[in-house]
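As stored in query_33.cif (mmCIF, C-alpha atoms):
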data_protein
loop_
_atom_site.label_atom_id
_atom_site.label_comp_id
_atom_site.auth_asym_id
_atom_site.auth_seq_id
_atom_site.Cartn_x
_atom_site.Cartn_y
_atom_site.Cartn_z
CA MET P 1 -13.26 119.68 -59.96
CA ASN P 2 -12.88 122.99 -58.19
CA HIS P 3 -10.02 124.70 -59.99
CA MET P 4 -9.13 128.06 -58.52
CA LYS P 5 -8.68 130.93 -61.00
CA GLU P 6 -9.67 128.64 -63.86
CA LYS P 7 -11.24 131.50 -65.87
CA GLU P 8 -7.94 133.36 -65.83
CA PHE P 9 -6.10 130.48 -67.47
CA PRO P 10 -6.89 129.33 -70.99
CA LEU P 11 -3.96 126.93 -70.50
CA SER P 12 -4.62 123.79 -68.45
CA TYR P 13 -2.02 121.33 -67.23
CA VAL P 14 -1.59 117.76 -66.05
CA LEU P 15 1.11 116.32 -63.79
CA ILE P 16 2.78 112.92 -63.74
CA THR P 17 4.91 111.89 -60.77
CA PRO P 18 6.99 108.70 -60.98
CA ILE P 19 8.02 107.79 -57.42
CA ARG P 20 10.02 105.06 -55.73
CA ASN P 21 10.65 104.75 -51.99
CA GLU P 22 9.78 108.38 -51.22
CA GLU P 23 8.06 107.94 -47.85
CA ALA P 24 10.34 110.57 -46.29
CA PHE P 25 9.36 113.34 -48.72
CA ILE P 26 6.23 112.52 -50.73
CA GLU P 27 3.87 114.27 -48.31
CA LYS P 28 5.78 117.52 -48.76
CA THR P 29 5.20 117.27 -52.51
CA ILE P 30 1.52 116.36 -52.14
CA GLU P 31 0.84 119.21 -49.73
CA SER P 32 2.57 121.63 -52.10
CA VAL P 33 0.34 120.56 -55.00
CA LEU P 34 -2.85 120.65 -52.93
CA GLN P 35 -2.14 124.26 -51.96
CA GLN P 36 -1.64 125.46 -55.54
CA THR P 37 -3.66 128.47 -56.67
CA VAL P 38 -4.21 126.64 -59.96
CA LEU P 39 -4.73 122.91 -59.64
CA PRO P 40 -3.89 120.41 -62.40
CA LYS P 41 -6.65 118.92 -64.49
CA LYS P 42 -5.22 115.52 -63.56
CA TRP P 43 -2.35 114.32 -61.38
CA VAL P 44 -1.20 110.75 -61.91
CA ILE P 45 1.26 109.42 -59.33
CA VAL P 46 3.01 106.29 -60.55
CA ASP P 47 4.59 104.14 -57.86
CA ASP P 48 7.57 102.46 -59.48
CA GLY P 49 7.90 99.39 -57.28
CA SER P 50 8.33 101.06 -53.89
CA MET P 51 9.26 98.78 -51.03
CA ASP P 52 8.37 101.25 -48.27
CA ARG P 53 5.20 103.09 -47.18
CA THR P 54 5.07 105.43 -50.17
CA PRO P 55 1.90 103.97 -51.80
CA ALA P 56 0.04 103.94 -48.48
CA ILE P 57 0.90 107.59 -47.84
CA VAL P 58 -0.30 108.64 -51.29
CA SER P 59 -3.52 106.63 -50.94
CA ARG P 60 -4.52 108.62 -47.86
CA TYR P 61 -4.89 111.73 -50.02
CA LEU P 62 -7.03 110.20 -52.80
CA PRO P 63 -10.55 110.10 -51.29
CA GLY P 64 -12.60 113.06 -52.48
CA ARG P 65 -10.03 114.06 -55.10
CA SER P 66 -11.04 112.53 -58.41
CA TRP P 67 -8.30 114.49 -60.17
CA MET P 68 -5.64 112.49 -58.29
CA GLU P 69 -4.77 108.88 -59.08
CA ILE P 70 -2.10 106.36 -58.18
CA ILE P 71 -0.81 103.57 -60.43
CA ARG P 72 1.21 100.69 -59.02
CA MET P 73 4.08 99.27 -61.06
CA PRO P 74 5.64 95.88 -60.19
CA GLU P 75 8.30 95.81 -57.47
CA ARG P 76 11.91 95.68 -58.64
CA LEU P 77 15.14 95.63 -56.68
CA GLU P 78 17.22 97.84 -58.97
CA ARG P 79 16.69 101.58 -59.33
CA HIS P 80 17.49 103.08 -62.76
CA PHE P 81 16.34 105.98 -64.88
CA ALA P 82 14.84 103.90 -67.66
CA GLY P 83 12.36 102.67 -65.05
CA LYS P 84 11.39 106.27 -64.38
CA VAL P 85 10.56 106.76 -68.06
CA TYR P 86 8.48 103.58 -68.15
CA ALA P 87 6.61 104.78 -65.07
CA PHE P 88 6.09 108.22 -66.58
CA ASN P 89 4.74 106.69 -69.79
CA ALA P 90 2.30 104.60 -67.77
CA GLY P 91 0.98 107.83 -66.31
CA LEU P 92 0.92 109.44 -69.73
CA GLU P 93 -1.48 106.75 -70.93
CA ARG P 94 -4.01 107.97 -68.34
CA VAL P 95 -3.95 111.60 -69.49
CA LYS P 96 -3.21 111.48 -73.22
CA ASN P 97 -6.89 111.77 -74.21
CA LEU P 98 -7.58 114.70 -71.90
CA PRO P 99 -7.69 118.28 -73.23
CA PHE P 100 -4.64 120.08 -71.84
CA GLU P 101 -1.92 122.39 -73.08
CA VAL P 102 0.92 121.75 -70.62
CA ILE P 103 2.29 118.50 -69.20
CA GLY P 104 4.55 118.37 -66.18
CA ASN P 105 7.00 115.85 -64.78
CA LEU P 106 7.11 116.29 -61.00
CA ASP P 107 9.42 114.39 -58.67
CA GLY P 108 8.21 113.19 -55.27
CA ASP P 109 10.92 114.81 -53.15
CA ILE P 110 10.40 118.54 -53.69
CA SER P 111 8.24 121.31 -52.24
CA PHE P 112 7.30 124.77 -53.52
CA GLU P 113 5.15 127.87 -52.96
CA LYS P 114 1.40 127.90 -53.59
CA ASP P 115 1.64 129.94 -56.82
CA HIS P 116 4.42 127.85 -58.38
CA PHE P 117 2.40 126.42 -61.27
CA GLU P 118 0.35 129.57 -61.74
CA PHE P 119 3.60 131.45 -62.30
CA ILE P 120 4.88 128.96 -64.89
CA LEU P 121 1.54 128.77 -66.70
CA ARG P 122 1.57 132.54 -67.09
CA LYS P 123 4.99 132.27 -68.75
CA PHE P 124 3.59 129.75 -71.26
CA ALA P 125 0.59 131.99 -71.92
CA GLN P 126 2.81 135.03 -72.51
CA ASP P 127 5.26 133.34 -74.88
CA PRO P 128 3.99 130.89 -77.55
CA ALA P 129 7.62 129.97 -78.38
CA LEU P 130 8.25 128.69 -74.85
CA GLY P 131 8.45 124.90 -75.08
CA VAL P 132 9.89 123.84 -71.70
CA ALA P 133 9.76 125.87 -68.49
CA GLY P 134 10.55 125.58 -64.81
CA THR P 135 12.37 127.36 -62.02
CA ILE P 136 15.67 127.21 -60.21
CA PHE P 137 15.96 124.92 -57.20
CA LYS P 138 17.72 124.91 -53.85
CA GLU P 139 19.09 122.23 -51.54
CA GLU P 140 20.38 122.00 -48.00
CA GLY P 141 23.78 123.55 -47.39
CA GLY P 142 23.09 126.67 -49.41
CA TYR P 143 23.15 125.11 -52.87
CA SER P 144 21.19 127.04 -55.50
CA SER P 145 21.09 125.90 -59.12
CA ASP P 146 21.36 129.45 -60.47
CA THR P 147 24.68 130.18 -58.74
CA HIS P 148 26.30 126.75 -58.28
CA SER P 149 25.74 125.33 -61.76
CA PHE P 150 26.83 126.26 -65.27
CA GLU P 151 23.72 124.79 -66.90
CA GLY P 152 22.25 128.30 -67.08
CA ARG P 153 18.73 129.57 -67.54
CA SER P 154 18.17 127.58 -70.75
CA TYR P 155 18.19 124.31 -68.79
CA VAL P 156 15.10 123.18 -66.86
CA ALA P 157 15.80 120.89 -63.91
CA GLY P 158 14.25 117.44 -64.21
CA GLN P 159 12.66 117.46 -60.74
CA CYS P 160 9.97 119.81 -62.07
CA GLN P 161 9.79 120.17 -65.85
CA LEU P 162 6.76 121.55 -67.66
CA PHE P 163 6.36 121.08 -71.42
CA ARG P 164 4.03 122.72 -73.87
CA ARG P 165 2.10 119.81 -75.32
CA GLN P 166 3.15 120.57 -78.92
CA CYS P 167 6.79 120.62 -77.85
CA TRP P 168 6.47 117.37 -75.91
CA GLU P 169 4.95 115.60 -78.91
CA GLN P 170 7.52 117.02 -81.32
CA ILE P 171 10.54 115.84 -79.30
CA GLY P 172 8.96 112.42 -78.76
CA GLY P 173 8.89 112.61 -74.97
CA TYR P 174 11.55 111.12 -72.72
CA THR P 175 14.18 108.68 -73.99
CA ALA P 176 14.57 105.66 -71.71
CA HIS P 177 18.20 105.19 -70.67
CA ARG P 178 19.23 103.26 -67.58
CA ALA P 179 22.03 105.63 -66.55
CA GLY P 180 20.01 108.84 -66.73
CA GLY P 181 20.11 112.13 -68.59
CA ILE P 182 16.47 111.77 -69.65
CA ASP P 183 15.49 115.28 -68.57
CA TRP P 184 18.60 116.83 -70.14
CA MET P 185 18.00 115.06 -73.47
CA ALA P 186 14.42 116.32 -73.56
CA VAL P 187 15.39 119.94 -72.94
CA MET P 188 18.34 119.95 -75.34
CA THR P 189 16.29 118.28 -78.08
CA ALA P 190 13.61 120.93 -77.66
CA ARG P 191 16.25 123.67 -77.95
CA MET P 192 17.79 122.04 -81.01
CA MET P 193 14.34 121.98 -82.63
CA GLY P 194 13.91 125.69 -82.09
CA TRP P 195 11.83 125.83 -78.91
CA LYS P 196 12.68 128.26 -76.15
CA THR P 197 13.53 126.55 -72.85
CA GLU P 198 13.91 128.51 -69.64
CA SER P 199 14.28 128.32 -65.88
CA PHE P 200 13.09 131.38 -64.02
CA ARG P 201 14.77 132.90 -61.00
CA GLU P 202 11.63 134.58 -59.69
CA ARG P 203 10.43 131.32 -58.16
CA TRP P 204 12.20 128.23 -56.84
CA PHE P 205 11.49 124.81 -55.40
CA PHE P 206 13.32 123.01 -52.62
CA HIS P 207 14.87 119.64 -53.40
CA HIS P 208 14.89 117.63 -50.18
CA ARG P 209 17.49 115.11 -51.34
CA ARG P 210 20.90 116.09 -52.63
CA LEU P 211 20.94 115.86 -56.41
CA GLY P 212 21.69 112.37 -57.74
CA THR P 213 22.05 110.65 -54.35
CA ALA P 214 18.86 108.57 -54.35
CA GLU P 215 19.87 105.11 -53.05
CA ARG P 216 23.61 105.91 -53.46
CA GLY P 217 26.33 108.03 -51.84
CA VAL P 218 27.87 111.35 -52.91
CA LEU P 219 31.05 109.87 -54.42
CA ARG P 220 29.21 107.21 -56.38
CA SER P 221 26.82 109.91 -57.57
CA SER P 222 29.70 112.13 -58.77
CA PHE P 223 31.36 109.21 -60.57
CA SER P 224 28.06 108.41 -62.30
CA TYR P 225 27.67 112.05 -63.35
CA GLY P 226 31.11 111.86 -64.95
CA GLU P 227 30.09 108.76 -66.88
CA LYS P 228 26.88 110.50 -67.88
CA ASP P 229 28.80 113.56 -69.09
CA TYR P 230 30.66 111.23 -71.44
CA TYR P 231 27.73 109.29 -72.85
CA LEU P 232 25.68 112.47 -73.32
CA GLY P 233 28.47 113.71 -75.57
CA GLY P 234 30.12 116.29 -73.31
CA HIS P 235 33.24 117.94 -74.71
CA PRO P 236 36.52 116.80 -73.04
CA LEU P 237 37.66 120.42 -72.55
CA TRP P 238 34.44 121.28 -70.77
CA GLU P 239 34.78 118.24 -68.53
CA LEU P 240 38.32 119.25 -67.64
CA PHE P 241 37.05 122.70 -66.68
CA ARG P 242 34.17 121.24 -64.70
CA THR P 243 36.48 118.94 -62.75
CA ALA P 244 38.94 121.76 -62.05
CA TYR P 245 36.12 124.02 -60.91
CA ARG P 246 35.03 121.46 -58.32
CA PHE P 247 38.56 121.32 -56.99
CA THR P 248 38.19 124.98 -56.00
CA LYS P 249 35.26 124.11 -53.74
CA LYS P 250 36.61 122.50 -50.58
CA PRO P 251 33.63 120.24 -49.84
CA TYR P 252 33.71 118.96 -53.42
CA ILE P 253 37.42 118.24 -54.04
CA VAL P 254 36.98 114.48 -53.70
CA SER P 255 33.71 114.52 -55.62
CA GLY P 256 35.46 116.51 -58.36
CA LEU P 257 38.05 113.78 -58.67
CA ALA P 258 35.27 111.19 -58.83
CA LEU P 259 33.57 113.22 -61.56
CA GLY P 260 36.72 113.30 -63.70
CA LEU P 261 37.38 109.61 -63.17
CA GLY P 262 33.80 108.82 -64.19
CA TYR P 263 34.23 110.66 -67.48
CA PHE P 264 37.62 109.01 -68.11
CA TRP P 265 36.13 105.60 -67.32
CA GLY P 266 33.37 106.27 -69.82
CA CYS P 267 36.00 107.08 -72.45
CA ILE P 268 37.91 103.87 -71.72
CA ARG P 269 34.80 101.71 -71.87
CA ARG P 270 33.34 103.56 -74.86
CA ILE P 271 29.90 103.61 -73.27
CA PRO P 272 27.25 103.65 -76.03
CA ARG P 273 25.77 107.12 -76.42
CA PRO P 274 21.96 107.53 -76.56
CA VAL P 275 22.25 110.94 -78.23
CA SER P 276 22.31 111.60 -81.95
CA PRO P 277 25.41 113.11 -83.62
CA GLU P 278 23.34 116.27 -84.24
CA LEU P 279 22.40 116.63 -80.57
CA MET P 280 25.98 115.95 -79.44
CA SER P 281 27.29 118.62 -81.81
CA PHE P 282 24.68 121.11 -80.57
CA HIS P 283 25.62 120.31 -76.98
CA ARG P 284 29.36 120.70 -77.53
CA LYS P 285 28.91 124.06 -79.27
CA ASP P 286 27.00 125.17 -76.18
CA GLN P 287 29.79 124.08 -73.87
CA LEU P 288 32.56 125.69 -75.91
CA PHE P 289 30.60 128.94 -76.08
CA LYS P 290 30.35 128.96 -72.29
CA LEU P 291 33.99 128.02 -71.86
CA ARG P 292 35.18 130.88 -74.10
CA ALA P 293 32.96 133.34 -72.22
CA ILE P 294 34.31 132.13 -68.87
CA ILE P 295 37.95 132.37 -70.00
CA ASN P 296 37.38 135.88 -71.38
CA SER P 297 35.82 136.96 -68.10
CA LEU P 298 38.72 135.54 -66.09
CA MET P 299 41.24 137.34 -68.30
CA ARG P 300 39.40 140.60 -67.68
CA PHE P 301 39.02 139.88 -63.96
CA LYS P 302 35.29 140.21 -64.47
CA ARG P 303 32.78 138.20 -62.50
CA ILE P 304 30.47 136.13 -64.65
CA ASP P 305 26.87 135.17 -63.97
CA SER P 306 26.76 131.51 -65.01
CA PHE P 307 22.96 131.54 -65.01
CA THR P 308 22.66 134.11 -67.80
CA LEU P 309 25.40 132.54 -69.90
CA ILE P 310 23.58 131.26 -72.96
CA ARG P 311 24.22 130.72 -76.66
CA ASN P 312 21.46 132.03 -78.92
#

Please re-express this file's structure in structure tokens.
Amino acid sequence: MNHMKEKEFPLSYVLITPIRNEEAFIEKTIESVLQQTVLPKKWVIVDDGSMDRTPAIVSRYLPGRSWMEIIRMPERLERHFAGKVYAFNAGLERVKNLPFEVIGNLDGDISFEKDHFEFILRKFAQDPALGVAGTIFKEEGGYSSDTHSFEGRSYVAGQCQLFRRQCWEQIGGYTAHRAGGIDWMAVMTARMMGWKTESFRERWFFHHRRLGTAERGVLRSSFSYGEKDYYLGGHPLWELFRTAYRFTKKPYIVSGLALGLGYFWGCIRRIPRPVSPELMSFHRKDQLFKLRAIINSLMRFKRIDSFTLIRN
């Protein structure tokens, strides 16, 4: 393999990309990876039962690139996040015996600059305590995760998450759950175990599909996020704030209502939670810390940078 700048990087990485019906965007992701200044040791693309031209598009790029591979999973009608974990684990089987230091989960609907992975690898090399790393992301309509979200810099978006191998093995990888939250659980578990997790503003990737809308509409997506907020152990006060905050954004008033209803519906149904009591407690302390900081800033008429809001 011809890996550019290989001598400069004692850290090597592998990528796994679970995909399903991504014919509209997968070429953008492939072209972004092919142009990287530091290529992965191995890139396993796992087709999770696509019913469109996705596998055929990927296959066109394989000849002459032994470091790329596609795996085909059986077709299935229903899309759910547990399937993504099963697909990821199938890819993991192909790389687990390779020598590498960083493993990345990469979605098939994003694009990024040619030094994206070089930048992140340098962060891992500079800080041995860094367990999970990534960058902010942007979407159409002006959305940017560093200014439109209260997750903050300690959260790494699931569309492109890179893990130090020791961290990945310690947290036990992704937890399969049909309704989602797999990326969030991985990052929060790493934080709870003492690893540093960080998204960096210096680089960003573009997400070509609005967050959470794969094979469903905006309102259904918002309702599902509300349900997810409940079963991931979100604090009721934080959810009330989150819903109210969306009401202040004109395009999102209806979606804010759907978000609140989703959380309330989760409470009524008592949806089983896949998180441990320890992780839920850690999560709620995070949320209450942010909420107190936000309230204090509002009382002082001081603007707050939600991205840098973090509990040590």

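Considering the residues P:Val275, P:Leu98, P:Ala125, P:Ala24 and counting only C-alpha atoms, Ile182 in chain P has its shortest atom-to-atom contact with P:Val275.
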
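Among the candidate residues P:Val254, P:Cys267, P:Val33, P:Ala90, the one lying nearest to Ser221 in chain P is P:Val254, with distances computed using all atoms listed in the file.
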
Checklist entry - For Ser224 in chain P, which residue among P:Ser255, P:Ser50, P:Thr197, P:Gln159 is the nearest when counting only C-alpha atoms? => result P:Ser255

Quick one: axis-aligned box around all listed atoms of range 214-233 of chain P, 4 Å on every side, centre and edge lengths in Å to one decimal, written as lines of an AutoDock Vina configuration file.
center_x = 25.1
center_y = 109.4
center_z = -63.7
size_x = 20.5
size_y = 16.6
size_z = 31.7

Quick one: which residues end up in the PyMOL selection byres ((chain P and resi 109-121) around 7) for this structure, as a PDB file with C-alpha atoms, keeping the file's coordinate frame?
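Ended up saving to expr-v9.pdb:
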ATOM      1  CA  LEU P  11      -3.960 126.930 -70.500  1.00  0.00           C
ATOM      2  CA  GLU P  22       9.780 108.380 -51.220  1.00  0.00           C
ATOM      3  CA  PHE P  25       9.360 113.340 -48.720  1.00  0.00           C
ATOM      4  CA  ILE P  26       6.230 112.520 -50.730  1.00  0.00           C
ATOM      5  CA  LYS P  28       5.780 117.520 -48.760  1.00  0.00           C
ATOM      6  CA  THR P  29       5.200 117.270 -52.510  1.00  0.00           C
ATOM      7  CA  SER P  32       2.570 121.630 -52.100  1.00  0.00           C
ATOM      8  CA  GLN P  35      -2.140 124.260 -51.960  1.00  0.00           C
ATOM      9  CA  GLN P  36      -1.640 125.460 -55.540  1.00  0.00           C
ATOM     10  CA  THR P  37      -3.660 128.470 -56.670  1.00  0.00           C
ATOM     11  CA  VAL P  38      -4.210 126.640 -59.960  1.00  0.00           C
ATOM     12  CA  ASP P 107       9.420 114.390 -58.670  1.00  0.00           C
ATOM     13  CA  GLY P 108       8.210 113.190 -55.270  1.00  0.00           C
ATOM     14  CA  ARG P 122       1.570 132.540 -67.090  1.00  0.00           C
ATOM     15  CA  LYS P 123       4.990 132.270 -68.750  1.00  0.00           C
ATOM     16  CA  PHE P 124       3.590 129.750 -71.260  1.00  0.00           C
ATOM     17  CA  ALA P 125       0.590 131.990 -71.920  1.00  0.00           C
ATOM     18  CA  ALA P 133       9.760 125.870 -68.490  1.00  0.00           C
ATOM     19  CA  GLY P 134      10.550 125.580 -64.810  1.00  0.00           C
ATOM     20  CA  ARG P 203      10.430 131.320 -58.160  1.00  0.00           C
ATOM     21  CA  TRP P 204      12.200 128.230 -56.840  1.00  0.00           C
ATOM     22  CA  PHE P 205      11.490 124.810 -55.400  1.00  0.00           C
ATOM     23  CA  PHE P 206      13.320 123.010 -52.620  1.00  0.00           C
ATOM     24  CA  HIS P 207      14.870 119.640 -53.400  1.00  0.00           C
ATOM     25  CA  HIS P 208      14.890 117.630 -50.180  1.00  0.00           C
ATOM     26  CA  ARG P 209      17.490 115.110 -51.340  1.00  0.00           C
TER      27      ARG P 209
END

Next on the checklist: Translate the PyMOL selection byres ((chain P and resi 150) around 8) into a concrete residue list for this structure, as an MDAnalysis selection string.
Outcome noted: chainID P and resid 146:149 151:152 306:307 309

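Proximity of P:Gly194, P:Pro74, P:Gly181, P:Gly172 to Leu232 in chain P, computed with all atoms listed in the file, is greatest for P:Gly181.
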
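Note on the selection: in this file the PyMOL selection byres ((chain P and resi 185) around 9) comes out as Tyr174, Thr175, Gly181, Ile182, Asp183, Trp184, Ala186, Val187, Met188, Thr189, Ala190, Leu232, Val275 and Leu279 of chain P.
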
Item to check | Residue nearest Thr54 in chain P - candidates P:Arg201, P:Arg242, P:Arg300, P:Arg72, atoms counted: all atoms listed in the file | outcome: P:Arg72

Checklist entry - What does the distance from CA of Gly158 in chain P to CA of Thr248 in chain P come to in Å, to one decimal? => result 26.4 Å

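Of note, CA of Gln170 in chain P and CA of Lys42 in chain P are spaced 21.9 Å apart.
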
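Between CA of Phe100 in chain P and CA of Ile19 in chain P lies a distance of 22.8 Å.
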
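Residues lying within 12 Å of Leu261 in chain P, counting all atoms listed in the file and ignoring same-chain neighbours fewer than 5 positions away, are Leu219, Arg220, Ser221, Ser222, Phe223, Ser224, Tyr225, Gly226, Glu227, Lys228, Asp229, Tyr230, Glu239, Leu240, Thr243, Val254, Ser255, Gly256, Gly266, Cys267 and Ile268 of chain P.
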
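You can rank P:Trp265, P:Tyr86, P:Trp67, P:Phe163 by their closest distance to Glu101 in chain P using all atoms listed in the file, and at the top of that list sits P:Phe163.
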
Item to check | Spatial sel., origin (-7.4, 117.0, -76.8), limit 12 Å, only C-alpha atoms, listed as JSON, numbers by chain | outcome: {"P": [12, 13, 95, 96, 97, 98, 99, 100, 101, 102, 165, 166]}

Restore N, CA and C atoms in range 58-79 of chain P and list the result as a short mmCIF file (atom, residue, chain, number, x, y, z; two decimals), in the frame of the given file.
data_model
loop_
_atom_site.label_atom_id
_atom_site.label_comp_id
_atom_site.auth_asym_id
_atom_site.auth_seq_id
_atom_site.Cartn_x
_atom_site.Cartn_y
_atom_site.Cartn_z
N VAL P 58 0.41 108.00 -50.18
CA VAL P 58 -0.30 108.64 -51.29
C VAL P 58 -1.79 108.32 -51.24
N SER P 59 -2.12 107.07 -50.94
CA SER P 59 -3.52 106.63 -50.94
C SER P 59 -4.37 107.39 -49.93
N ARG P 60 -3.77 107.87 -48.87
CA ARG P 60 -4.52 108.62 -47.86
C ARG P 60 -5.09 109.92 -48.41
N TYR P 61 -4.48 110.44 -49.47
CA TYR P 61 -4.89 111.73 -50.02
C TYR P 61 -5.89 111.60 -51.17
N LEU P 62 -6.19 110.39 -51.61
CA LEU P 62 -7.03 110.20 -52.80
C LEU P 62 -8.52 110.39 -52.58
N PRO P 63 -9.11 109.96 -51.46
CA PRO P 63 -10.55 110.10 -51.29
C PRO P 63 -11.02 111.55 -51.44
N GLY P 64 -12.05 111.73 -52.27
CA GLY P 64 -12.60 113.06 -52.48
C GLY P 64 -11.85 113.89 -53.50
N ARG P 65 -10.82 113.33 -54.10
CA ARG P 65 -10.03 114.06 -55.10
C ARG P 65 -9.95 113.22 -56.37
N SER P 66 -10.97 113.34 -57.20
CA SER P 66 -11.04 112.53 -58.41
C SER P 66 -9.95 112.90 -59.41
N TRP P 67 -9.35 114.06 -59.24
CA TRP P 67 -8.30 114.49 -60.17
C TRP P 67 -6.92 113.91 -59.80
N MET P 68 -6.87 113.17 -58.68
CA MET P 68 -5.64 112.49 -58.29
C MET P 68 -5.80 110.98 -58.47
N GLU P 69 -4.71 110.33 -58.86
CA GLU P 69 -4.77 108.88 -59.08
C GLU P 69 -3.39 108.29 -58.82
N ILE P 70 -3.36 107.06 -58.33
CA ILE P 70 -2.10 106.36 -58.18
C ILE P 70 -2.12 105.08 -59.01
N ILE P 71 -1.00 104.80 -59.66
CA ILE P 71 -0.81 103.57 -60.43
C ILE P 71 0.33 102.81 -59.77
N ARG P 72 0.16 101.51 -59.62
CA ARG P 72 1.21 100.69 -59.02
C ARG P 72 1.93 99.89 -60.09
N MET P 73 3.25 100.08 -60.18
CA MET P 73 4.08 99.27 -61.06
C MET P 73 4.64 98.10 -60.26
N PRO P 74 5.09 97.03 -60.92
CA PRO P 74 5.64 95.88 -60.19
C PRO P 74 6.88 96.26 -59.40
N GLU P 75 7.09 95.57 -58.27
CA GLU P 75 8.30 95.81 -57.47
C GLU P 75 9.53 95.34 -58.24
N ARG P 76 10.63 96.08 -58.06
CA ARG P 76 11.91 95.68 -58.64
C ARG P 76 13.01 96.13 -57.68
N LEU P 77 14.07 95.35 -57.62
CA LEU P 77 15.14 95.63 -56.68
C LEU P 77 16.04 96.77 -57.14
N GLU P 78 16.26 96.87 -58.45
CA GLU P 78 17.22 97.84 -58.97
C GLU P 78 16.53 99.16 -59.32
N ARG P 79 17.19 100.26 -58.97
CA ARG P 79 16.69 101.58 -59.33
C ARG P 79 17.49 102.09 -60.53
#
